[in-house]
>>> print(open('protein_20.txt').read())   # compact mmCIF, N, CA and C atoms
# COMPACT_ATOMS: atom_id res chain seq x y z
N MET A 192 140.95 -27.25 194.52
CA MET A 192 140.93 -26.76 195.88
C MET A 192 139.85 -27.51 196.65
N ARG A 193 140.19 -27.95 197.83
CA ARG A 193 139.27 -28.70 198.67
C ARG A 193 138.61 -27.75 199.67
N ILE A 194 137.26 -27.77 199.71
CA ILE A 194 136.52 -26.91 200.62
C ILE A 194 136.19 -27.72 201.87
N THR A 195 136.62 -27.21 203.00
CA THR A 195 136.37 -27.90 204.26
C THR A 195 135.06 -27.43 204.88
N GLY A 196 134.61 -28.17 205.85
CA GLY A 196 133.37 -27.82 206.54
C GLY A 196 133.45 -26.46 207.21
N ARG A 197 134.63 -26.12 207.71
CA ARG A 197 134.81 -24.82 208.37
C ARG A 197 134.64 -23.68 207.37
N VAL A 198 135.18 -23.82 206.16
CA VAL A 198 135.06 -22.79 205.12
C VAL A 198 133.60 -22.64 204.71
N VAL A 199 132.92 -23.76 204.54
CA VAL A 199 131.50 -23.72 204.18
C VAL A 199 130.69 -23.02 205.28
N ALA A 200 131.00 -23.30 206.53
CA ALA A 200 130.29 -22.67 207.65
C ALA A 200 130.52 -21.17 207.67
N VAL A 201 131.76 -20.75 207.42
CA VAL A 201 132.07 -19.31 207.41
C VAL A 201 131.34 -18.61 206.26
N ILE A 202 131.39 -19.21 205.08
CA ILE A 202 130.70 -18.61 203.93
C ILE A 202 129.21 -18.57 204.18
N GLY A 203 128.67 -19.66 204.73
CA GLY A 203 127.24 -19.70 205.05
C GLY A 203 126.86 -18.64 206.07
N GLY A 204 127.72 -18.43 207.05
CA GLY A 204 127.46 -17.41 208.07
C GLY A 204 127.41 -16.02 207.47
N PHE A 205 128.34 -15.74 206.56
CA PHE A 205 128.34 -14.44 205.89
C PHE A 205 127.09 -14.27 205.03
N ALA A 206 126.66 -15.33 204.38
CA ALA A 206 125.45 -15.26 203.55
C ALA A 206 124.23 -14.95 204.41
N VAL A 207 124.13 -15.60 205.57
CA VAL A 207 123.00 -15.35 206.47
C VAL A 207 123.03 -13.90 206.95
N LEU A 208 124.20 -13.41 207.33
CA LEU A 208 124.31 -12.01 207.77
C LEU A 208 123.90 -11.04 206.68
N ALA A 209 124.31 -11.32 205.45
CA ALA A 209 123.95 -10.45 204.33
C ALA A 209 122.45 -10.44 204.10
N ILE A 210 121.84 -11.59 204.20
CA ILE A 210 120.38 -11.68 204.02
C ILE A 210 119.67 -10.93 205.13
N LEU A 211 120.09 -11.15 206.37
CA LEU A 211 119.46 -10.47 207.51
C LEU A 211 119.64 -8.97 207.45
N ALA A 212 120.77 -8.51 206.96
CA ALA A 212 121.01 -7.06 206.86
C ALA A 212 120.03 -6.41 205.90
N GLY A 213 119.58 -7.13 204.90
CA GLY A 213 118.66 -6.58 203.91
C GLY A 213 117.20 -6.77 204.25
N CYS A 214 116.90 -7.49 205.30
CA CYS A 214 115.50 -7.79 205.63
C CYS A 214 114.89 -6.72 206.53
N GLY A 215 113.56 -6.63 206.45
CA GLY A 215 112.80 -5.81 207.39
C GLY A 215 112.80 -4.35 207.05
N ALA A 216 111.61 -3.78 206.85
CA ALA A 216 111.48 -2.37 206.55
C ALA A 216 111.70 -1.53 207.81
N GLU A 217 111.33 -2.07 208.96
CA GLU A 217 111.42 -1.30 210.19
C GLU A 217 112.84 -1.29 210.72
N GLY A 218 113.29 -0.13 211.13
CA GLY A 218 114.58 -0.03 211.77
C GLY A 218 115.74 -0.23 210.82
N GLY A 219 115.50 -0.30 209.55
CA GLY A 219 116.54 -0.53 208.57
C GLY A 219 117.28 0.75 208.25
N PRO A 220 118.17 0.68 207.27
CA PRO A 220 118.95 1.86 206.90
C PRO A 220 118.10 3.07 206.55
N ALA A 221 116.91 2.86 206.01
CA ALA A 221 116.06 3.99 205.63
C ALA A 221 115.61 4.79 206.85
N ASP A 222 115.56 4.14 208.04
CA ASP A 222 115.12 4.82 209.25
C ASP A 222 116.24 5.58 209.95
N ARG A 223 117.48 5.26 209.63
CA ARG A 223 118.59 5.94 210.29
C ARG A 223 118.58 7.41 209.93
N GLY A 224 118.73 8.24 210.93
CA GLY A 224 118.77 9.67 210.69
C GLY A 224 117.40 10.34 210.67
N LEU A 225 116.33 9.55 210.79
CA LEU A 225 114.99 10.15 210.83
C LEU A 225 114.71 10.63 212.25
N SER A 226 114.06 11.77 212.35
CA SER A 226 113.65 12.27 213.66
C SER A 226 112.59 11.35 214.25
N ALA A 227 112.29 11.52 215.50
CA ALA A 227 111.25 10.71 216.14
C ALA A 227 109.91 10.92 215.44
N GLU A 228 109.62 12.16 215.04
CA GLU A 228 108.36 12.44 214.33
C GLU A 228 108.32 11.74 212.97
N ALA A 229 109.44 11.77 212.26
CA ALA A 229 109.50 11.11 210.95
C ALA A 229 109.37 9.59 211.10
N GLN A 230 109.96 9.04 212.15
CA GLN A 230 109.82 7.60 212.40
C GLN A 230 108.37 7.26 212.73
N ARG A 231 107.71 8.13 213.50
CA ARG A 231 106.29 7.92 213.82
C ARG A 231 105.45 7.99 212.54
N ALA A 232 105.79 8.93 211.66
CA ALA A 232 105.07 9.06 210.40
C ALA A 232 105.31 7.85 209.51
N ARG A 233 106.53 7.34 209.48
CA ARG A 233 106.83 6.14 208.70
C ARG A 233 106.04 4.96 209.25
N GLN A 234 105.93 4.89 210.56
CA GLN A 234 105.15 3.83 211.18
C GLN A 234 103.67 3.97 210.80
N ALA A 235 103.17 5.21 210.76
CA ALA A 235 101.78 5.44 210.34
C ALA A 235 101.60 4.99 208.89
N PHE A 236 102.57 5.26 208.04
CA PHE A 236 102.54 4.82 206.64
C PHE A 236 102.34 3.30 206.59
N GLN A 237 103.07 2.60 207.45
CA GLN A 237 102.95 1.15 207.50
C GLN A 237 101.63 0.71 208.12
N ASP A 238 101.27 1.31 209.24
CA ASP A 238 100.06 0.91 209.97
C ASP A 238 98.78 1.17 209.17
N LEU A 239 98.77 2.26 208.40
CA LEU A 239 97.58 2.61 207.62
C LEU A 239 97.53 1.84 206.29
N GLY A 240 98.55 1.06 206.02
CA GLY A 240 98.55 0.23 204.82
C GLY A 240 98.87 0.96 203.53
N CYS A 241 99.52 2.10 203.63
CA CYS A 241 99.83 2.90 202.44
C CYS A 241 100.67 2.11 201.43
N GLY A 242 101.59 1.31 201.95
CA GLY A 242 102.47 0.55 201.09
C GLY A 242 101.76 -0.48 200.23
N SER A 243 100.58 -0.91 200.64
CA SER A 243 99.88 -1.93 199.85
C SER A 243 99.48 -1.39 198.48
N CYS A 244 99.26 -0.10 198.37
CA CYS A 244 98.93 0.51 197.06
C CYS A 244 100.08 1.31 196.48
N HIS A 245 100.87 1.95 197.33
CA HIS A 245 101.92 2.86 196.86
C HIS A 245 103.31 2.25 196.92
N GLY A 246 103.44 1.03 197.45
CA GLY A 246 104.74 0.38 197.59
C GLY A 246 105.37 0.72 198.92
N ASP A 247 106.08 -0.24 199.47
CA ASP A 247 106.70 -0.05 200.79
C ASP A 247 107.71 1.08 200.82
N HIS A 248 108.27 1.39 199.66
CA HIS A 248 109.27 2.47 199.57
C HIS A 248 108.74 3.64 198.74
N ARG A 249 107.41 3.73 198.65
CA ARG A 249 106.73 4.83 197.96
C ARG A 249 107.02 4.83 196.45
N GLU A 250 107.39 3.66 195.92
CA GLU A 250 107.77 3.56 194.51
C GLU A 250 106.58 3.47 193.56
N GLY A 251 105.39 3.34 194.10
CA GLY A 251 104.19 3.23 193.27
C GLY A 251 103.94 1.81 192.83
N LYS A 252 102.69 1.52 192.56
CA LYS A 252 102.27 0.21 192.07
C LYS A 252 101.14 0.44 191.08
N ARG A 253 100.63 -0.62 190.52
CA ARG A 253 99.49 -0.49 189.61
C ARG A 253 98.27 0.09 190.32
N SER A 254 98.21 -0.09 191.63
CA SER A 254 97.05 0.37 192.39
C SER A 254 97.20 1.76 192.98
N GLY A 255 98.38 2.36 192.91
CA GLY A 255 98.58 3.69 193.46
C GLY A 255 99.84 4.34 192.92
N PRO A 256 99.84 5.68 192.81
CA PRO A 256 100.98 6.38 192.20
C PRO A 256 102.22 6.41 193.08
N VAL A 257 103.33 6.73 192.46
CA VAL A 257 104.59 6.99 193.15
C VAL A 257 104.37 8.16 194.10
N LEU A 258 104.94 8.08 195.27
CA LEU A 258 104.82 9.17 196.24
C LEU A 258 106.15 9.90 196.36
N ALA A 259 106.58 10.48 195.27
CA ALA A 259 107.80 11.30 195.23
C ALA A 259 107.46 12.58 194.48
N GLY A 260 108.17 13.63 194.80
CA GLY A 260 107.92 14.91 194.14
C GLY A 260 106.60 15.55 194.53
N LEU A 261 106.06 15.15 195.66
CA LEU A 261 104.75 15.68 196.08
C LEU A 261 104.79 17.16 196.41
N ALA A 262 105.95 17.67 196.80
CA ALA A 262 106.06 19.08 197.17
C ALA A 262 105.80 20.00 195.98
N ASP A 263 105.81 19.44 194.76
CA ASP A 263 105.49 20.25 193.58
C ASP A 263 104.02 20.67 193.56
N HIS A 264 103.16 19.91 194.23
CA HIS A 264 101.72 20.17 194.18
C HIS A 264 101.06 20.34 195.56
N TRP A 265 101.78 20.04 196.61
CA TRP A 265 101.17 20.01 197.94
C TRP A 265 101.95 20.82 198.95
N THR A 266 101.23 21.32 199.95
CA THR A 266 101.83 21.82 201.18
C THR A 266 101.55 20.75 202.23
N GLN A 267 102.18 20.86 203.38
CA GLN A 267 101.90 19.90 204.44
C GLN A 267 100.43 19.96 204.84
N GLU A 268 99.90 21.17 204.95
CA GLU A 268 98.50 21.33 205.36
C GLU A 268 97.53 20.76 204.32
N SER A 269 97.77 21.06 203.04
CA SER A 269 96.84 20.56 202.02
C SER A 269 96.92 19.03 201.89
N LEU A 270 98.11 18.47 202.03
CA LEU A 270 98.24 17.01 201.94
C LEU A 270 97.59 16.33 203.15
N ALA A 271 97.74 16.90 204.33
CA ALA A 271 97.09 16.34 205.52
C ALA A 271 95.57 16.39 205.36
N THR A 272 95.05 17.47 204.80
CA THR A 272 93.61 17.58 204.55
C THR A 272 93.16 16.53 203.56
N TYR A 273 93.94 16.31 202.51
CA TYR A 273 93.63 15.29 201.52
C TYR A 273 93.62 13.90 202.17
N LEU A 274 94.63 13.60 202.99
CA LEU A 274 94.71 12.30 203.63
C LEU A 274 93.50 12.04 204.53
N LYS A 275 92.98 13.10 205.10
CA LYS A 275 91.81 12.97 205.98
C LYS A 275 90.56 12.61 205.17
N ASP A 276 90.35 13.26 204.01
CA ASP A 276 89.14 13.03 203.22
C ASP A 276 89.42 13.24 201.72
N PRO A 277 90.06 12.25 201.08
CA PRO A 277 90.39 12.40 199.66
C PRO A 277 89.21 12.69 198.75
N PRO A 278 88.06 12.02 198.88
CA PRO A 278 86.95 12.30 197.95
C PRO A 278 86.53 13.77 197.93
N ALA A 279 86.58 14.44 199.07
CA ALA A 279 86.20 15.84 199.12
C ALA A 279 87.13 16.70 198.26
N MET A 280 88.43 16.43 198.32
CA MET A 280 89.37 17.22 197.52
C MET A 280 89.34 16.81 196.05
N ILE A 281 89.08 15.55 195.78
CA ILE A 281 89.02 15.07 194.40
C ILE A 281 87.88 15.76 193.66
N LYS A 282 86.76 15.98 194.35
CA LYS A 282 85.59 16.62 193.74
C LYS A 282 85.89 18.05 193.30
N THR A 283 86.78 18.72 194.01
CA THR A 283 87.03 20.14 193.74
C THR A 283 88.35 20.43 193.03
N THR A 284 89.14 19.39 192.75
CA THR A 284 90.45 19.58 192.15
C THR A 284 90.59 18.72 190.90
N PRO A 285 90.50 19.32 189.72
CA PRO A 285 90.57 18.55 188.47
C PRO A 285 91.83 17.66 188.35
N ARG A 286 92.97 18.15 188.80
CA ARG A 286 94.20 17.36 188.74
C ARG A 286 94.05 16.07 189.53
N LEU A 287 93.44 16.15 190.70
CA LEU A 287 93.24 14.96 191.53
C LEU A 287 92.18 14.04 190.93
N ALA A 288 91.15 14.62 190.34
CA ALA A 288 90.11 13.80 189.71
C ALA A 288 90.72 13.00 188.56
N TYR A 289 91.55 13.65 187.76
CA TYR A 289 92.21 12.95 186.65
C TYR A 289 93.10 11.82 187.18
N LYS A 290 93.88 12.12 188.20
CA LYS A 290 94.79 11.14 188.79
C LYS A 290 94.00 9.95 189.35
N ALA A 291 92.89 10.24 190.01
CA ALA A 291 92.08 9.18 190.61
C ALA A 291 91.53 8.22 189.56
N GLU A 292 91.26 8.73 188.38
CA GLU A 292 90.74 7.89 187.30
C GLU A 292 91.78 6.90 186.77
N GLN A 293 93.05 7.15 187.05
CA GLN A 293 94.13 6.32 186.52
C GLN A 293 94.35 5.03 187.32
N TYR A 294 93.73 4.91 188.47
CA TYR A 294 93.99 3.78 189.36
C TYR A 294 92.70 3.05 189.71
N PRO A 295 92.78 1.72 189.83
CA PRO A 295 91.58 0.91 190.05
C PRO A 295 91.00 1.00 191.47
N ILE A 296 91.79 1.45 192.42
CA ILE A 296 91.35 1.50 193.81
C ILE A 296 91.26 2.96 194.23
N ALA A 297 90.15 3.33 194.82
CA ALA A 297 89.98 4.71 195.30
C ALA A 297 90.84 4.93 196.55
N MET A 298 91.39 6.11 196.64
CA MET A 298 92.18 6.49 197.81
C MET A 298 91.26 6.57 199.01
N PRO A 299 91.52 5.78 200.07
CA PRO A 299 90.66 5.85 201.26
C PRO A 299 90.99 7.08 202.11
N GLY A 300 90.04 7.50 202.88
CA GLY A 300 90.26 8.58 203.84
C GLY A 300 90.76 8.00 205.15
N PHE A 301 91.57 8.75 205.87
CA PHE A 301 92.13 8.27 207.12
C PHE A 301 91.71 9.12 208.31
N GLY A 302 90.73 10.01 208.11
CA GLY A 302 90.27 10.87 209.19
C GLY A 302 89.72 10.11 210.38
N ASP A 303 89.19 8.92 210.13
CA ASP A 303 88.65 8.12 211.24
C ASP A 303 89.65 7.09 211.75
N LYS A 304 90.84 7.03 211.15
CA LYS A 304 91.83 6.04 211.54
C LYS A 304 93.08 6.65 212.18
N ALA A 305 93.25 7.95 212.00
CA ALA A 305 94.43 8.62 212.55
C ALA A 305 94.05 10.04 212.96
N ASP A 306 94.68 10.52 214.03
CA ASP A 306 94.38 11.88 214.47
C ASP A 306 95.10 12.90 213.58
N GLU A 307 94.73 14.17 213.75
CA GLU A 307 95.27 15.22 212.88
C GLU A 307 96.78 15.36 212.99
N ALA A 308 97.33 15.17 214.19
CA ALA A 308 98.79 15.27 214.37
C ALA A 308 99.51 14.17 213.59
N THR A 309 98.94 12.98 213.60
CA THR A 309 99.54 11.87 212.85
C THR A 309 99.47 12.12 211.36
N LEU A 310 98.32 12.63 210.89
CA LEU A 310 98.18 12.92 209.46
C LEU A 310 99.11 14.05 209.04
N ALA A 311 99.31 15.03 209.90
CA ALA A 311 100.24 16.13 209.59
C ALA A 311 101.68 15.59 209.52
N ALA A 312 102.03 14.72 210.46
CA ALA A 312 103.37 14.11 210.44
C ALA A 312 103.54 13.24 209.20
N LEU A 313 102.51 12.48 208.85
CA LEU A 313 102.57 11.64 207.65
C LEU A 313 102.73 12.51 206.40
N ALA A 314 102.01 13.62 206.35
CA ALA A 314 102.13 14.54 205.21
C ALA A 314 103.56 15.07 205.11
N ALA A 315 104.13 15.47 206.22
CA ALA A 315 105.51 15.98 206.22
C ALA A 315 106.48 14.90 205.74
N TYR A 316 106.28 13.68 206.19
CA TYR A 316 107.11 12.56 205.77
C TYR A 316 107.00 12.31 204.27
N LEU A 317 105.79 12.36 203.75
CA LEU A 317 105.59 12.12 202.31
C LEU A 317 106.15 13.23 201.45
N LEU A 318 106.24 14.42 202.00
CA LEU A 318 106.76 15.56 201.23
C LEU A 318 108.28 15.57 201.12
N ARG A 319 108.94 14.80 201.96
CA ARG A 319 110.41 14.76 201.85
C ARG A 319 110.80 13.68 200.85
N ASP A 320 111.71 14.02 200.00
CA ASP A 320 112.17 13.07 198.97
C ASP A 320 113.51 12.48 199.33
>>> encode(input="protein_20.txt", output="C-alpha cells")
Amino acid sequence: MRITGRVVAVIGGFAVLAILAGCGAEGGPADRGLSAEAQRARQAFQDLGCGSCHGDHREGKRSGPVLAGLADHWTQESLATYLKDPPAMIKTTPRLAYKAEQYPIAMPGFGDKADEATLAALAAYLLRD
C-alpha cells in the first residue's frame, strides 16, 4: 500500500489533536463539572505548589502522601486549620507526627499565603474523592 502525503498529513493531524487533548492540567477533563468554588480551590492547589510534593493529581510522591481518603480523618474545618499551620497540629496529633516522619520535606503552612476562605475551599476540594 502506498501512503500519500495527504494520508500522512491527516494521520499527523489526528496525532497532534490527540496529544493536545491530553495536555494541560488547567481546564482539562478533570475540571469539567466542578463548581466555581472547586475550580478556585483547584487553582489554589496549583498556585500554592501542592502538586510539587503530592502530585498534580493528588497521587502522592516520595515527598508527600496521596491526598485521597482524607475524609476518613478530617473535617473541612480541621483540614483548613491544618493547612494554615501544620506544625501546630503535628505537635498535638500523634497520627500526624508519625505521618510527618515518613516524608523528607515538612508540610509548609499556608496561613500567610492564602486567606481563610481559600483554605476552606481547598480543604473541601481535597476532601472530595
>>> atom_distance(input="protein_20.txt", atom1="atom N of Pro277 (chain A)", atom2="atom C of Asp320 (chain A)")
23.5 Å
>>> atom_distance(input="protein_20.txt", atom1="CA of Pro278 (chain A)", atom2="atom N of Gly300 (chain A)")
7.5 Å
>>> atom_distance(input="protein_20.txt", atom1="CA of Phe301 (chain A)", atom2="CA of Leu274 (chain A)")
5.9 Å
>>> residues_around(input="protein_20.txt", residues="Leu313 (chain A)", least_positions_apart="3", cutoff="9 Å", atoms="only C-alpha atoms", output="JSON, numbers by chain")
{"A": [228, 229, 231, 232, 233, 234, 235, 236, 267, 270, 271, 274, 308, 309, 310, 316, 317, 318]}
>>> residues_around(input="protein_20.txt", residues="Asp247 (chain A)", least_positions_apart="5", cutoff="10 Å", atoms="only C-alpha atoms", output="MDAnalysis selection string")
chainID A and resid 216 236:237 240:242 252
